[in-house]
Amino acid sequence: MGLIASGMANNSSFHYCDSEDFKIPIYTTCYVVTFIIGFTSNIVALYVFLRILPSKAPSSIFMTNLAISDMLFTLTLPLRIDYYQRKEGWIFGDPMCGISIYAFYVNMYTSILFLTAVSISRYVAVVHPMKARRVFNCRRCVVISIAIWALVSFLTSPFLVSRSYSVNETIKCFEPRNPTYLGRVLIMNYSGLVIGFLLPFIAITVCYICIIHKLRGVTKELGENGPRRRRSVALVSVVLTVFLFCFFPYHVVRTVHLHFASTYQSDCTVTTRLQKIVVLSLCMAASNSCFNPLLYYFAGTSFRRALKKSFRNSRSVSFRKSVPHSMLEATPNVENSLFVCEDQTAAVQK
């Protein structure tokens, strides 16, 4: 998927300056690492959200949907890994080609919008706490989540009709093949840039400025730096890191590349350099599924407690399996006392 235009073209071909020697090892490494880290961490996150957490706070509902989006995207990565391992030989047919391209854009823009929803809900909770329960109740958060899925799925649906094509007896999936629809693609690019990135980024930035201003005022009044401020700072740090590292470079590079490709198609020197930058920025965008779980852990106290509880329970099961049954009957409270001691020690340290 070198360009947003991937697969959205007819059968005529155009001059394309390929950077195969550069992109194949980069894409392969990126997708293998993203699949391993992203799939594992998001499976764990979904287990905590759906099986352990007792209540569904607004941010938990949005984060659950974010984890679902990331996990679904990582499930398509083995197809990409196989494709680049074969040196751009697609063997999975036209429908899966379209689904693989579609999954990338659905994941990217649902991630952006769910991160925006998390940020707005935190803004309301911190700056307008009396309105928080009324504005972001459970039912409304579910409706917002469904609306985000529906909006992104509809706006990115043209990618579902993307098709593979043959070049020198090699079936390609993620590379552009002609400029016929370049004008339409540029329009789609600007729609994604404005609606899918710039407006959410502005909303998130405004929310965090207001949150930090509010917390600074509370700190001055009460003379303390409580856990709520630390959680909010963690949320700001993780979300802004995801936006600035994963999404910002990709949208800027994609826009520049598309404009240059539509104007100077025959200049292979500059085009190849831009394609290499596109490869790197696309890998950064795909890696957002690895960064999002950091948000759940560092910004969600209930998630962190539930994860630690799950870990302790797994240690408890392992402990019981490793100790003979007769020994457990003789000393039934040994294991529990170990954990009590840990909790007491942590309390003393605090």
# chains A, B, ... in the order shown; residues from 1 in each chain; ligands from 1
>>> closest_atom_pairs(of="region 95-114 of chain A", to="region 272-295 of chain A", cutoff="12 Å", atoms="only C-alpha atoms", output="Markdown table")
| residue | atom | partner | partner_atom | distance |
| --- | --- | --- | --- | --- |
| A:Ile101 | CA | A:Ala286 | CA | 11.8 |
| A:Ala103 | CA | A:Ala286 | CA | 10.7 |
| A:Phe104 | CA | A:Ala286 | CA | 7.5 |
| A:Tyr105 | CA | A:Ala286 | CA | 9.6 |
| A:Val106 | CA | A:Ala286 | CA | 11.4 |
| A:Asn107 | CA | A:Ser289 | CA | 8.6 |
| A:Met108 | CA | A:Ala285 | CA | 7.3 |
| A:Tyr109 | CA | A:Ala285 | CA | 10.6 |
| A:Thr110 | CA | A:Ser289 | CA | 11.4 |
| A:Ser111 | CA | A:Asn288 | CA | 8.2 |
| A:Ile112 | CA | A:Asn288 | CA | 9.8 |
| A:Phe114 | CA | A:Asn292 | CA | 10.6 |
>>> write_last_selection(atoms="C-alpha atoms", output="JSON list (two decimals), in the first residue's frame")
[["chain", "number", "residue", "atom", "x", "y", "z"],
["A", 101, "ILE", "CA", -6.49, -2.15, 2.33],
["A", 103, "ALA", "CA", -8.82, -2.63, 7.29],
["A", 104, "PHE", "CA", -5.83, -0.28, 7.43],
["A", 105, "TYR", "CA", -7.91, 2.87, 6.88],
["A", 106, "VAL", "CA", -10.77, 1.73, 9.13],
["A", 107, "ASN", "CA", -8.28, 1.08, 11.93],
["A", 108, "MET", "CA", -6.46, 4.38, 11.48],
["A", 109, "TYR", "CA", -9.55, 6.60, 11.47],
["A", 110, "THR", "CA", -11.50, 4.71, 14.13],
["A", 111, "SER", "CA", -8.39, 4.94, 16.31],
["A", 112, "ILE", "CA", -8.23, 8.69, 15.77],
["A", 114, "PHE", "CA", -11.95, 6.91, 19.60]]
>>> select_by_dssp(residues="region 81-182 of chain A", states="helix (DSSP H, G or I)", output="PyMOL selection string")
chain A and resi 81-85+93-127+129-135+138-155+157-161+182
>>> write_last_selection(atoms="C-alpha atoms", output="PDB file, in the first residue's frame")
ATOM      1  CA  ILE A  81       3.690 -10.330   5.653  1.00  0.00           C
ATOM      2  CA  ASP A  82       3.142 -13.192   3.221  1.00  0.00           C
ATOM      3  CA  TYR A  83       2.800 -10.733   0.328  1.00  0.00           C
ATOM      4  CA  TYR A  84       6.136  -9.045   0.983  1.00  0.00           C
ATOM      5  CA  GLN A  85       7.844 -12.331   1.796  1.00  0.00           C
ATOM      6  CA  GLY A  93      -7.621 -13.095  -4.404  1.00  0.00           C
ATOM      7  CA  ASP A  94      -9.317  -9.763  -5.100  1.00  0.00           C
ATOM      8  CA  PRO A  95     -11.744  -9.660  -2.129  1.00  0.00           C
ATOM      9  CA  MET A  96      -8.991 -10.131   0.465  1.00  0.00           C
ATOM     10  CA  CYS A  97      -6.871  -7.493  -1.273  1.00  0.00           C
ATOM     11  CA  GLY A  98      -9.670  -4.973  -0.843  1.00  0.00           C
ATOM     12  CA  ILE A  99     -10.337  -6.051   2.753  1.00  0.00           C
ATOM     13  CA  SER A 100      -6.653  -5.704   3.679  1.00  0.00           C
ATOM     14  CA  ILE A 101      -6.486  -2.147   2.327  1.00  0.00           C
ATOM     15  CA  TYR A 102      -9.860  -1.296   3.854  1.00  0.00           C
ATOM     16  CA  ALA A 103      -8.815  -2.625   7.292  1.00  0.00           C
ATOM     17  CA  PHE A 104      -5.831  -0.277   7.431  1.00  0.00           C
ATOM     18  CA  TYR A 105      -7.910   2.871   6.882  1.00  0.00           C
ATOM     19  CA  VAL A 106     -10.767   1.732   9.126  1.00  0.00           C
ATOM     20  CA  ASN A 107      -8.283   1.079  11.926  1.00  0.00           C
ATOM     21  CA  MET A 108      -6.464   4.377  11.482  1.00  0.00           C
ATOM     22  CA  TYR A 109      -9.550   6.600  11.471  1.00  0.00           C
ATOM     23  CA  THR A 110     -11.505   4.707  14.125  1.00  0.00           C
ATOM     24  CA  SER A 111      -8.387   4.940  16.306  1.00  0.00           C
ATOM     25  CA  ILE A 112      -8.226   8.690  15.771  1.00  0.00           C
ATOM     26  CA  LEU A 113     -11.926   9.190  16.548  1.00  0.00           C
ATOM     27  CA  PHE A 114     -11.945   6.906  19.602  1.00  0.00           C
ATOM     28  CA  LEU A 115      -8.871   8.675  20.971  1.00  0.00           C
ATOM     29  CA  THR A 116     -10.762  11.931  20.425  1.00  0.00           C
ATOM     30  CA  ALA A 117     -13.803  10.545  22.256  1.00  0.00           C
ATOM     31  CA  VAL A 118     -11.624   9.425  25.182  1.00  0.00           C
ATOM     32  CA  SER A 119     -10.052  12.884  25.350  1.00  0.00           C
ATOM     33  CA  ILE A 120     -13.386  14.715  25.258  1.00  0.00           C
ATOM     34  CA  SER A 121     -14.864  12.440  27.936  1.00  0.00           C
ATOM     35  CA  ARG A 122     -11.840  13.080  30.158  1.00  0.00           C
ATOM     36  CA  TYR A 123     -12.188  16.834  29.526  1.00  0.00           C
ATOM     37  CA  VAL A 124     -15.823  16.776  30.645  1.00  0.00           C
ATOM     38  CA  ALA A 125     -14.967  14.668  33.714  1.00  0.00           C
ATOM     39  CA  VAL A 126     -12.192  17.039  34.831  1.00  0.00           C
ATOM     40  CA  VAL A 127     -13.478  20.469  33.784  1.00  0.00           C
ATOM     41  CA  PRO A 129     -17.549  17.032  36.660  1.00  0.00           C
ATOM     42  CA  MET A 130     -21.205  17.793  37.526  1.00  0.00           C
ATOM     43  CA  LYS A 131     -22.197  17.250  33.883  1.00  0.00           C
ATOM     44  CA  ALA A 132     -20.037  14.189  33.248  1.00  0.00           C
ATOM     45  CA  ARG A 133     -22.567  11.481  34.077  1.00  0.00           C
ATOM     46  CA  ARG A 134     -25.324  13.193  32.144  1.00  0.00           C
ATOM     47  CA  VAL A 135     -23.229  13.924  29.033  1.00  0.00           C
ATOM     48  CA  CYS A 138     -23.190   4.304  29.234  1.00  0.00           C
ATOM     49  CA  ARG A 139     -25.924   4.291  26.589  1.00  0.00           C
ATOM     50  CA  ARG A 140     -24.691   7.491  24.975  1.00  0.00           C
ATOM     51  CA  CYS A 141     -21.125   6.165  24.806  1.00  0.00           C
ATOM     52  CA  VAL A 142     -22.376   3.032  23.059  1.00  0.00           C
ATOM     53  CA  VAL A 143     -24.310   5.165  20.555  1.00  0.00           C
ATOM     54  CA  ILE A 144     -21.223   7.331  19.913  1.00  0.00           C
ATOM     55  CA  SER A 145     -19.120   4.198  19.372  1.00  0.00           C
ATOM     56  CA  ILE A 146     -21.601   2.767  16.881  1.00  0.00           C
ATOM     57  CA  ALA A 147     -21.714   6.112  15.074  1.00  0.00           C
ATOM     58  CA  ILE A 148     -17.905   6.192  14.799  1.00  0.00           C
ATOM     59  CA  TRP A 149     -17.807   2.665  13.357  1.00  0.00           C
ATOM     60  CA  ALA A 150     -20.610   3.464  10.901  1.00  0.00           C
ATOM     61  CA  LEU A 151     -19.103   6.780   9.757  1.00  0.00           C
ATOM     62  CA  VAL A 152     -15.590   5.434   9.202  1.00  0.00           C
ATOM     63  CA  SER A 153     -16.823   2.224   7.580  1.00  0.00           C
ATOM     64  CA  PHE A 154     -18.918   4.227   5.126  1.00  0.00           C
ATOM     65  CA  LEU A 155     -16.306   6.864   4.262  1.00  0.00           C
ATOM     66  CA  SER A 157     -15.849   1.805   1.826  1.00  0.00           C
ATOM     67  CA  PRO A 158     -14.386   2.693  -1.632  1.00  0.00           C
ATOM     68  CA  PHE A 159     -11.267   0.779  -0.612  1.00  0.00           C
ATOM     69  CA  LEU A 160     -13.305  -2.414  -0.432  1.00  0.00           C
ATOM     70  CA  VAL A 161     -13.484  -2.447  -4.248  1.00  0.00           C
ATOM     71  CA  LEU A 182      -5.954  10.512  -8.981  1.00  0.00           C
TER      72      LEU A 182
END
>>> select_by_dssp(residues="region 82-277 of chain A", states="strand (DSSP E)", output="PyMOL selection string")
chain A and resi 165-167+170-172
>>> atom_distance(atom1="CA of Thr156 (chain A)", atom2="CA of Gly89 (chain A)")
24.7 Å
>>> atom_distance(atom1="CA of Tyr296 (chain A)", atom2="CA of Ile204 (chain A)")
17.1 Å
>>> closest_residue(among="A:Ser59, A:Thr29, A:Ser191, A:Thr170", to="Lys87 (chain A)", atoms="only C-alpha atoms")
A:Thr170
>>> residues_around(residues="Leu193 (chain A)", least_positions_apart="4", cutoff="12 Å", atoms="only C-alpha atoms", output="PyMOL selection string")
chain A and resi 4+108-109+112+185-189+197-201+247-256
>>> write_last_selection(atoms="C-alpha atoms", output="tab-separated table (two decimals), in the first residue's frame")
chain	number	residue	atom	x	y	z
A	4	ILE	CA	-3.84	5.89	-0.81
A	108	MET	CA	-6.46	4.38	11.48
A	109	TYR	CA	-9.55	6.60	11.47
A	112	ILE	CA	-8.23	8.69	15.77
A	185	VAL	CA	-8.13	10.15	-4.62
A	186	LEU	CA	-6.84	13.66	-3.88
A	187	ILE	CA	-10.36	14.62	-2.77
A	188	MET	CA	-10.49	11.54	-0.54
A	189	ASN	CA	-7.08	12.47	0.82
A	197	PHE	CA	-7.02	14.09	11.34
A	198	LEU	CA	-6.97	17.89	11.62
A	199	LEU	CA	-10.36	18.40	13.31
A	200	PRO	CA	-9.82	15.59	15.86
A	201	PHE	CA	-6.30	16.84	16.56
A	247	PHE	CA	-0.69	9.88	12.34
A	248	PHE	CA	0.85	13.29	11.70
A	249	PRO	CA	3.82	12.14	9.51
A	250	TYR	CA	1.62	9.82	7.46
A	251	HIS	CA	-0.98	12.46	6.59
A	252	VAL	CA	1.63	15.07	5.68
A	253	VAL	CA	3.76	12.70	3.59
A	254	ARG	CA	0.73	11.18	1.88
A	255	THR	CA	-0.53	14.60	0.79
A	256	VAL	CA	2.87	15.69	-0.54
